[in-house]
>>> print(open('start22.cif').read())   # mmCIF, C-alpha atoms and all ligand atoms
data_protein
loop_
_atom_site.label_atom_id
_atom_site.label_comp_id
_atom_site.auth_asym_id
_atom_site.auth_seq_id
_atom_site.Cartn_x
_atom_site.Cartn_y
_atom_site.Cartn_z
CA MET N 6 4.98 -14.34 24.32
CA THR N 7 2.21 -13.94 21.73
CA ALA N 8 2.40 -11.24 19.03
CA ILE N 9 -0.32 -9.29 20.90
CA GLU N 10 1.59 -9.46 24.19
CA SER N 11 4.88 -8.32 22.67
CA LEU N 12 3.07 -5.53 20.79
CA ALA N 13 1.49 -4.41 24.08
CA VAL N 14 5.00 -3.98 25.53
CA SER N 15 6.14 -1.73 22.67
CA LEU N 16 2.89 0.30 22.70
CA ALA N 17 2.85 1.06 26.43
CA PRO N 18 5.10 4.18 26.18
CA LEU N 19 3.04 5.64 23.32
CA GLY N 20 -0.26 6.24 25.10
CA GLU N 21 -2.93 4.76 27.37
CA LEU N 22 -3.23 1.06 26.66
CA ARG N 23 -6.27 -1.05 27.53
CA ARG N 24 -7.17 -4.66 26.87
CA ASP N 25 -10.57 -6.01 25.86
CA GLU N 26 -11.98 -2.50 25.71
CA ARG N 27 -15.68 -2.52 24.72
CA LEU N 28 -16.02 -0.53 21.53
CA ALA N 29 -19.66 0.32 22.24
CA ARG N 30 -18.16 3.03 24.47
CA HIS N 31 -16.35 4.54 21.49
CA THR N 32 -18.93 4.52 18.69
CA THR N 33 -21.84 6.89 18.13
CA PHE N 34 -24.09 3.82 17.62
CA GLY N 35 -23.13 2.66 21.13
CA VAL N 36 -22.67 -0.80 19.66
CA GLY N 37 -19.65 -3.10 19.36
CA GLY N 38 -17.71 -5.78 21.23
CA PRO N 39 -14.15 -5.65 22.58
CA ALA N 40 -10.83 -4.74 20.99
CA ASP N 41 -7.92 -7.02 21.97
CA LEU N 42 -5.71 -3.95 22.42
CA PHE N 43 -6.95 -0.36 22.57
CA LEU N 44 -4.41 2.45 22.58
CA THR N 45 -5.29 6.12 22.98
CA VAL N 46 -2.72 8.32 21.25
CA ARG N 47 -2.53 12.09 21.57
CA SER N 48 -0.09 13.12 18.84
CA ALA N 49 0.48 12.37 15.17
CA GLU N 50 3.93 11.04 16.05
CA ALA N 51 2.50 8.54 18.56
CA LEU N 52 -0.09 7.52 15.96
CA ALA N 53 2.71 6.95 13.42
CA ALA N 54 4.84 4.98 15.89
CA ALA N 55 1.92 2.77 16.95
CA THR N 56 1.00 2.13 13.29
CA ASN N 57 4.57 0.97 12.66
CA ALA N 58 4.65 -1.17 15.77
CA ALA N 59 1.48 -3.03 14.69
CA TYR N 60 2.92 -3.54 11.21
CA GLU N 61 6.20 -4.87 12.57
CA ALA N 62 4.40 -7.22 15.00
CA ASP N 63 2.12 -8.36 12.15
CA VAL N 64 -0.95 -7.56 14.23
CA PRO N 65 -4.07 -6.21 12.46
CA LEU N 66 -4.66 -2.50 13.00
CA PHE N 67 -7.82 -0.39 12.97
CA VAL N 68 -7.57 3.41 13.25
CA LEU N 69 -10.58 4.74 15.12
CA GLY N 70 -11.73 8.34 14.80
CA SER N 71 -14.96 9.30 16.54
CA GLY N 72 -16.60 6.00 15.57
CA SER N 73 -19.40 7.92 13.85
CA ASN N 74 -19.57 5.97 10.60
CA ILE N 75 -18.95 2.40 11.70
CA LEU N 76 -20.91 -0.60 12.93
CA VAL N 77 -18.57 -2.72 15.04
CA ALA N 78 -19.41 -6.43 15.29
CA ASP N 79 -20.66 -7.84 18.61
CA ALA N 80 -17.52 -10.02 18.63
CA GLY N 81 -15.40 -6.86 18.45
CA ILE N 82 -12.13 -6.25 16.62
CA ARG N 83 -9.11 -8.54 16.76
CA GLY N 84 -5.71 -6.91 17.04
CA LEU N 85 -5.05 -3.25 17.82
CA VAL N 86 -7.51 -0.36 17.76
CA LEU N 87 -5.84 3.06 17.77
CA ASP N 88 -8.03 5.65 19.43
CA ASN N 89 -6.83 8.78 17.66
CA ARG N 90 -6.87 11.93 19.81
CA ALA N 91 -4.03 13.71 17.97
CA ARG N 92 -5.48 17.22 17.75
CA ALA N 93 -2.70 19.78 17.30
CA GLU N 94 -3.24 22.53 14.77
CA SER N 95 -1.11 25.24 13.15
CA ALA N 96 -1.80 27.90 10.54
CA SER N 97 -0.03 30.02 7.99
CA GLY N 98 -2.51 32.64 6.79
CA LEU N 99 -5.56 30.75 5.57
CA THR N 100 -3.73 27.44 5.26
CA TYR N 101 -4.26 25.14 8.24
CA ARG N 102 -2.49 21.95 9.27
CA VAL N 103 -4.63 19.84 11.56
CA GLU N 104 -3.81 16.50 13.15
CA SER N 105 -6.19 13.77 12.12
CA GLY N 106 -7.82 13.17 15.53
CA ALA N 107 -9.17 16.72 15.74
CA SER N 108 -12.93 17.17 15.65
CA PHE N 109 -13.99 18.15 12.14
CA ALA N 110 -17.12 19.95 13.38
CA ALA N 111 -15.23 21.92 16.03
CA PHE N 112 -12.64 22.97 13.46
CA ALA N 113 -15.38 23.98 11.00
CA ARG N 114 -17.12 26.07 13.70
CA LYS N 115 -13.87 27.78 14.57
CA MET N 116 -13.28 28.65 10.90
CA CYS N 117 -16.74 30.26 10.74
CA ARG N 118 -16.06 32.30 13.88
CA LEU N 119 -12.76 33.49 12.40
CA GLY N 120 -14.44 34.46 9.12
CA HIS N 121 -12.57 31.79 7.17
CA GLU N 122 -14.83 30.47 4.48
CA GLY N 123 -15.21 26.93 3.12
CA LEU N 124 -16.49 24.71 5.93
CA ALA N 125 -19.81 26.12 7.19
CA TRP N 126 -21.56 23.00 5.79
CA ALA N 127 -19.44 20.79 8.09
CA VAL N 128 -20.43 22.15 11.50
CA GLY N 129 -22.79 19.21 12.22
CA ILE N 130 -20.61 16.31 11.05
CA PRO N 131 -19.53 14.40 14.18
CA GLY N 132 -16.22 12.82 13.16
CA THR N 133 -12.50 13.48 13.11
CA ILE N 134 -10.48 15.12 10.35
CA GLY N 135 -9.06 11.64 9.55
CA GLY N 136 -12.54 10.16 9.12
CA ALA N 137 -13.56 13.14 6.98
CA VAL N 138 -10.61 12.47 4.65
CA VAL N 139 -11.46 8.77 4.35
CA TYR N 140 -15.07 9.44 3.28
CA ASN N 141 -14.63 12.88 1.72
CA ALA N 142 -17.27 13.96 4.24
CA GLY N 143 -19.86 16.32 2.85
CA ALA N 144 -23.21 17.98 3.36
CA TYR N 145 -25.44 20.66 1.84
CA GLY N 146 -23.51 20.75 -1.44
CA GLY N 147 -20.04 21.00 0.14
CA CYS N 148 -17.40 18.33 0.68
CA LEU N 149 -13.91 18.11 2.13
CA ALA N 150 -12.33 17.89 -1.34
CA ASP N 151 -13.30 21.58 -1.82
CA VAL N 152 -10.78 22.71 0.81
CA LEU N 153 -8.34 19.81 1.24
CA ARG N 154 -4.88 20.43 -0.24
CA ARG N 155 -2.90 17.42 0.91
CA VAL N 156 -2.58 14.85 3.69
CA ARG N 157 0.34 13.33 5.57
CA LEU N 158 0.12 9.55 5.51
CA GLN N 159 1.95 6.99 7.59
CA LEU N 160 3.14 4.19 5.33
CA PRO N 161 3.16 0.86 7.20
CA GLY N 162 6.68 0.29 8.50
CA ASN N 163 8.14 2.91 6.19
CA GLY N 164 7.99 6.54 7.31
CA ASP N 165 5.48 9.12 6.14
CA GLU N 166 4.70 11.14 3.03
CA TRP N 167 2.55 14.09 1.98
CA VAL N 168 0.04 13.17 -0.72
CA ASP N 169 -1.90 15.72 -2.79
CA ALA N 170 -5.67 15.64 -2.33
CA LYS N 171 -6.11 15.08 -6.07
CA ASP N 172 -4.23 11.78 -5.72
CA LEU N 173 -6.64 10.48 -3.06
CA GLY N 174 -9.42 9.80 -5.58
CA LEU N 175 -12.00 11.70 -3.52
CA VAL N 176 -15.58 11.10 -4.72
CA TYR N 177 -19.07 11.23 -3.13
CA ARG N 178 -18.52 9.61 0.30
CA GLY N 179 -15.46 7.74 -0.93
CA SER N 180 -11.71 7.79 -1.55
CA ALA N 181 -8.71 5.58 -2.20
CA PHE N 182 -9.17 4.50 1.46
CA THR N 183 -12.72 3.25 1.08
CA ARG N 184 -11.69 1.47 -2.13
CA ARG N 185 -8.86 -0.22 -0.18
CA GLU N 186 -6.21 1.24 -2.50
CA VAL N 187 -4.10 2.53 0.41
CA ALA N 188 -4.51 -0.36 2.83
CA GLY N 189 -2.76 -0.03 6.18
CA LYS N 190 -1.98 3.68 5.84
CA ALA N 191 -3.01 6.09 8.55
CA VAL N 192 -3.87 9.75 7.97
CA LEU N 193 -1.64 11.70 10.34
CA GLU N 194 -2.45 15.28 9.35
CA ALA N 195 -4.41 17.23 6.79
CA GLU N 196 -3.70 20.59 5.19
CA LEU N 197 -6.73 22.69 4.35
CA GLU N 198 -7.00 25.94 2.44
CA LEU N 199 -9.78 28.30 3.50
CA ALA N 200 -10.83 31.59 1.88
CA GLU N 201 -11.40 35.05 3.30
CA GLY N 202 -15.04 35.45 4.34
CA ASP N 203 -17.34 37.28 6.71
CA ALA N 204 -17.55 35.90 10.27
CA ASN N 205 -21.12 37.06 10.89
CA ALA N 206 -22.42 35.64 7.61
CA LEU N 207 -20.59 32.33 8.14
CA THR N 208 -21.82 31.98 11.73
CA ALA N 209 -25.38 32.63 10.58
CA GLN N 210 -24.98 30.06 7.80
CA ALA N 211 -23.67 27.50 10.31
CA ALA N 212 -26.66 28.17 12.60
CA ALA N 213 -29.02 27.63 9.66
CA TYR N 214 -27.37 24.25 8.95
CA ASP N 215 -27.69 23.33 12.65
CA GLY N 216 -31.41 24.14 12.45
CA LYS N 217 -31.87 21.96 9.36
CA ARG N 218 -30.21 19.00 11.07
CA LEU N 219 -32.29 19.40 14.20
CA THR N 220 -35.46 19.37 12.13
CA ALA N 221 -34.57 16.50 9.80
CA GLN N 222 -32.48 14.08 11.85
CA PRO N 223 -33.33 11.89 14.85
CA ARG N 224 -31.65 12.25 18.24
CA GLY N 225 -30.13 9.27 20.00
CA ARG N 226 -27.44 6.84 19.07
CA ASN N 227 -26.86 6.36 15.35
CA ALA N 228 -24.18 6.64 12.67
CA GLY N 229 -25.78 9.21 10.38
CA SER N 230 -26.96 8.13 6.94
CA THR N 231 -26.86 4.37 6.62
CA PHE N 232 -26.85 4.26 2.82
CA LYS N 233 -25.48 6.48 0.08
CA ASN N 234 -28.24 8.11 -1.93
CA PRO N 235 -28.58 6.18 -5.19
CA PRO N 236 -29.07 8.23 -8.40
CA GLU N 237 -32.70 7.03 -8.66
CA SER N 238 -34.01 8.51 -5.38
CA PRO N 239 -32.93 9.49 -1.87
CA ALA N 240 -32.37 6.32 0.15
CA TRP N 241 -34.90 7.33 2.83
CA LYS N 242 -37.73 7.50 0.27
CA LEU N 243 -37.01 3.97 -0.96
CA ILE N 244 -36.86 2.62 2.61
CA GLU N 245 -40.13 4.32 3.48
CA ALA N 246 -41.76 3.01 0.30
CA VAL N 247 -40.96 -0.60 1.23
CA GLY N 248 -42.75 -0.15 4.55
CA LEU N 249 -39.77 -0.01 6.90
CA ARG N 250 -40.30 3.39 8.55
CA GLY N 251 -40.03 2.73 12.29
CA ALA N 252 -39.25 -1.01 11.87
CA THR N 253 -37.50 -2.62 14.85
CA ARG N 254 -35.38 -5.66 15.56
CA GLY N 255 -34.41 -6.15 19.20
CA GLU N 256 -33.42 -2.69 20.43
CA ALA N 257 -32.37 -1.53 16.97
CA ALA N 258 -34.74 0.52 14.83
CA ILE N 259 -35.13 2.37 11.58
CA SER N 260 -35.89 5.92 12.65
CA ASP N 261 -39.46 7.03 12.09
CA LYS N 262 -38.17 10.58 11.73
CA HIS N 263 -35.66 9.86 8.93
CA CYS N 264 -35.69 6.39 7.36
CA ASN N 265 -32.01 6.48 6.33
CA PHE N 266 -31.02 6.73 10.01
CA PHE N 267 -30.86 3.45 11.94
CA VAL N 268 -30.84 3.91 15.71
CA ASN N 269 -29.87 2.09 18.88
CA ASN N 270 -32.79 2.50 21.27
CA GLY N 271 -30.94 1.17 24.29
CA ASN N 272 -28.75 -1.86 24.17
CA ALA N 273 -28.97 -2.92 20.53
CA ALA N 274 -26.81 -5.72 19.20
CA ALA N 275 -24.73 -5.04 16.10
CA ALA N 276 -26.34 -8.16 14.62
CA ASP N 277 -29.79 -6.56 14.96
CA VAL N 278 -28.68 -3.33 13.27
CA ALA N 279 -27.06 -5.42 10.52
CA TRP N 280 -30.28 -7.42 10.11
CA LEU N 281 -32.30 -4.24 9.54
CA ILE N 282 -29.71 -2.97 7.06
CA ALA N 283 -29.88 -6.23 5.10
CA GLU N 284 -33.68 -6.22 5.20
CA ALA N 285 -33.83 -2.69 3.77
CA GLN N 286 -31.42 -3.68 1.00
CA ARG N 287 -33.39 -6.84 0.22
CA ARG N 288 -36.80 -5.15 0.04
CA VAL N 289 -35.57 -2.14 -1.97
CA LYS N 290 -33.83 -4.45 -4.45
CA GLU N 291 -36.94 -6.64 -4.78
CA GLN N 292 -39.43 -3.80 -5.21
CA PHE N 293 -37.42 -1.21 -7.12
CA GLY N 294 -34.40 -3.10 -8.53
CA VAL N 295 -32.13 -0.59 -6.75
CA SER N 296 -29.03 -1.74 -4.84
CA LEU N 297 -28.57 0.36 -1.72
CA GLU N 298 -24.87 0.85 -1.06
CA ARG N 299 -23.88 1.19 2.58
CA GLU N 300 -22.30 4.43 3.78
CA VAL N 301 -21.84 2.94 7.26
CA GLU N 302 -18.82 0.63 7.35
CA PHE N 303 -18.99 -2.80 9.00
CA VAL N 304 -15.82 -3.45 10.98
CA GLY N 305 -14.49 -6.25 13.16
CA GLU N 306 -15.23 -9.94 13.39
CA TRP N 307 -18.57 -10.53 11.63
C1 LIG W 1 -25.62 12.25 13.50
C2 LIG W 1 -24.64 12.03 12.38
C3 LIG W 1 -24.67 12.84 11.27
C4 LIG W 1 -23.77 12.64 10.22
N1 LIG W 1 -23.82 13.48 9.14
C5 LIG W 1 -22.92 13.33 8.15
C6 LIG W 1 -22.93 14.22 7.02
O1 LIG W 1 -23.74 15.15 6.93
N2 LIG W 1 -22.01 14.03 6.06
C7 LIG W 1 -21.08 13.04 6.12
O2 LIG W 1 -20.23 12.93 5.21
N3 LIG W 1 -21.05 12.17 7.16
C8 LIG W 1 -21.94 12.31 8.17
N4 LIG W 1 -21.93 11.43 9.22
C9 LIG W 1 -21.00 10.28 9.21
C10 LIG W 1 -19.64 10.50 9.90
O3 LIG W 1 -19.71 11.52 10.86
C11 LIG W 1 -18.56 10.83 8.89
O4 LIG W 1 -18.43 9.80 7.93
C12 LIG W 1 -17.19 11.06 9.55
O5 LIG W 1 -16.32 11.63 8.60
C13 LIG W 1 -16.56 9.80 10.12
O6 LIG W 1 -15.43 10.18 10.89
P1 LIG W 1 -14.97 9.36 12.19
O7 LIG W 1 -13.78 10.04 12.74
O8 LIG W 1 -16.10 9.18 13.12
O9 LIG W 1 -14.56 7.98 11.53
P2 LIG W 1 -14.76 6.52 12.18
O10 LIG W 1 -16.20 6.15 12.12
O11 LIG W 1 -14.07 6.43 13.49
O12 LIG W 1 -13.94 5.63 11.14
C14 LIG W 1 -14.46 5.48 9.84
C15 LIG W 1 -13.38 4.91 8.89
O13 LIG W 1 -12.34 5.86 8.74
C16 LIG W 1 -11.10 5.27 9.09
N5 LIG W 1 -10.26 6.29 9.71
C17 LIG W 1 -10.63 7.19 10.67
N6 LIG W 1 -9.58 7.96 10.99
C18 LIG W 1 -8.54 7.54 10.21
C19 LIG W 1 -7.16 7.95 10.09
N7 LIG W 1 -6.64 8.95 10.82
N8 LIG W 1 -6.39 7.30 9.19
C20 LIG W 1 -6.89 6.28 8.43
N9 LIG W 1 -8.16 5.85 8.51
C21 LIG W 1 -8.97 6.48 9.39
C22 LIG W 1 -11.46 4.15 10.06
O14 LIG W 1 -10.43 3.18 10.13
C23 LIG W 1 -12.75 3.64 9.43
O15 LIG W 1 -12.43 2.79 8.35
C24 LIG W 1 -22.81 11.60 10.29
C25 LIG W 1 -22.77 10.77 11.42
C26 LIG W 1 -23.66 10.98 12.47
C27 LIG W 1 -23.59 10.11 13.68
#
>>> encode(input="start22.cif", output="structure tokens", more="lines below")
Ligand SMILES: Cc1cc2nc3c(=O)[nH]c(=O)nc-3n(C[C@H](O)[C@H](O)[C@H](O)COP(=O)(O)OP(=O)(O)OC[C@H]3O[C@@H](n4cnc5c(N)ncnc54)[C@H](O)[C@@H]3O)c2cc1C
Amino acid sequence: MTAIESLAVSLAPLGELRRDERLARHTTFGVGGPADLFLTVRSAEALAAATNAAYEADVPLFVLGSGSNILVADAGIRGLVLDNRARAESASGLTYRVESGASFAAFARKMCRLGHEGLAWAVGIPGTIGGAVVYNAGAYGGCLADVLRRVRLQLPGNGDEWVDAKDLGLVYRGSAFTRREVAGKAVLEAELELAEGDANALTAQAAAYDGKRLTAQPRGRNAGSTFKNPPESPAWKLIEAVGLRGATRGEAAISDKHCNFFVNNGNAAAADVAWLIAEAQRRVKEQFGVSLEREVEFVGEW
């Protein structure tokens, strides 16, 4: 039996297991080839057990949230992809514990409705709590670090531990995860501390942020901002200045509404999106000497 086959046997009781699942179905880009094994888990404990099983079988593991910040290769991902739908939540006063597969936007909206302040800026961010921790998701001057107290991490093959937010090295769209300092660890749960606020004011604020997004951002399949904004200028301005507004390659395009959004107009190949990303980086470097750093993560077999 291969390592993948014996891992499949130990994963079967933990959730719904599929083979060769096309990841285009699970990313907001609608792009990406197959995962060898694809397991949907619905609790933090199943997520932890599956993480351990992959470690013990020595099979590569990728934890998938909502797939809203990744570009998965056309060749897909080798090993195990864990589709994280662990969404339980509990509260003690204004302190919330949320499993990492919960929708960040839905949680933020609920906090506004309850008059719990601190997350109105997050109502339009389409990822999971786990993904928000990894990137220190942020918008409109707020970021997760403002309300995150600690996270429960699964250590590969070795139980779990709570880690204080200050030890996660959270920075603009980055953390110890993005810097590969905590390789192989999965976020199981997060603890967030909200403040007392006014439900009507927070709901109105959330609606105003919704309006801003509708006006500024394109519809359709994309992964949000492609590049971090460099200190010199917003990324979209640099991309526009090098003449790439609306540029296409196959069925991939640079949005003509917002040049830092790259979109899948139908059945785009990951290779075409990647080509446009590289072209924007090349032209901006040549004309302005600025290196555009990707916010969107390339995953899988490139
Ligand atoms: C229309 C649109 C608008 C957006 N606007 C914003 C915005 O305003 N601000 C912003 O910050 N982002 C924004 N984004 C980007 C994206 O939504 C965020 O980065 C989000 O936090 C990613 O979460 P996810 O669950 O989709 O992660 P995924 O894309 O599924 O995964 C991203 C990375 O996180 C890792 N990961 C996910 N869950 C876990 C876990 N439990 N444990 C360990 N690792 C994990 C994955 O392995 C991968 O490396 C936008 C995206 C879209 C499509």
>>> residues_near_ligand(input="start22.cif", ligand="ligand LIG 1 (chain W)", cutoff="8 Å", atoms="all atoms listed in the file", output="count of residues only")
58
>>> atom_distance(input="start22.cif", atom1="atom CA of Ala240 of chain N", atom2="atom CA of Glu291 of chain N")
14.6 Å
>>> closest_residue(input="start22.cif", among="N:Arg102, N:His121, N:Arg184, N:Arg157", to="Glu196 of chain N", atoms="all atoms listed in the file")
N:Arg102
>>> residues_near_point(input="start22.cif", point="(-2.0, 14.8, 20.1)", cutoff="12 Å", atoms="only C-alpha atoms", output="list in words")
Leu19, Gly20, Thr45, Val46, Arg47, Ser48, Ala49, Glu50, Ala51, Leu52, Ala53, Asp88, Asn89, Arg90, Ala91, Arg92, Ala93, Glu94, Val103, Glu104, Ser105, Gly106, Ala107, Leu193 and Glu194 of chain N
>>> atom_distance(input="start22.cif", atom1="atom CA of Asp165 of chain N", atom2="atom CA of Ala58 of chain N")
14.1 Å
>>> residues_near_point(input="start22.cif", point="(-3.6, 15.7, 1.6)", cutoff="7 Å", atoms="all atoms listed in the file", output="PDB file with C-alpha atoms, in the coordinates of the input")
ATOM      1  CA  LEU N 153      -8.340  19.810   1.240  1.00  0.00           C
ATOM      2  CA  ARG N 154      -4.880  20.430  -0.240  1.00  0.00           C
ATOM      3  CA  ARG N 155      -2.900  17.420   0.910  1.00  0.00           C
ATOM      4  CA  VAL N 156      -2.580  14.850   3.690  1.00  0.00           C
ATOM      5  CA  ARG N 157       0.340  13.330   5.570  1.00  0.00           C
ATOM      6  CA  TRP N 167       2.550  14.090   1.980  1.00  0.00           C
ATOM      7  CA  VAL N 168       0.040  13.170  -0.720  1.00  0.00           C
ATOM      8  CA  ASP N 169      -1.900  15.720  -2.790  1.00  0.00           C
ATOM      9  CA  ALA N 170      -5.670  15.640  -2.330  1.00  0.00           C
ATOM     10  CA  ALA N 195      -4.410  17.230   6.790  1.00  0.00           C
ATOM     11  CA  GLU N 196      -3.700  20.590   5.190  1.00  0.00           C
TER      12      GLU N 196
END
>>> closest_residue(input="start22.cif", among="N:Val152, N:Met116, N:Ala62, N:Ala258", to="Ala204 of chain N", atoms="all atoms listed in the file")
N:Met116
>>> closest_residue(input="start22.cif", among="N:Ala273, N:Leu199, N:Ala285, N:Leu243", to="Glu122 of chain N", atoms="all atoms listed in the file")
N:Leu199
>>> closest_residue(input="start22.cif", among="N:Thr253, N:Ser238, N:Ser97, N:Ser260", to="Val289 of chain N", atoms="all atoms listed in the file")
N:Ser238
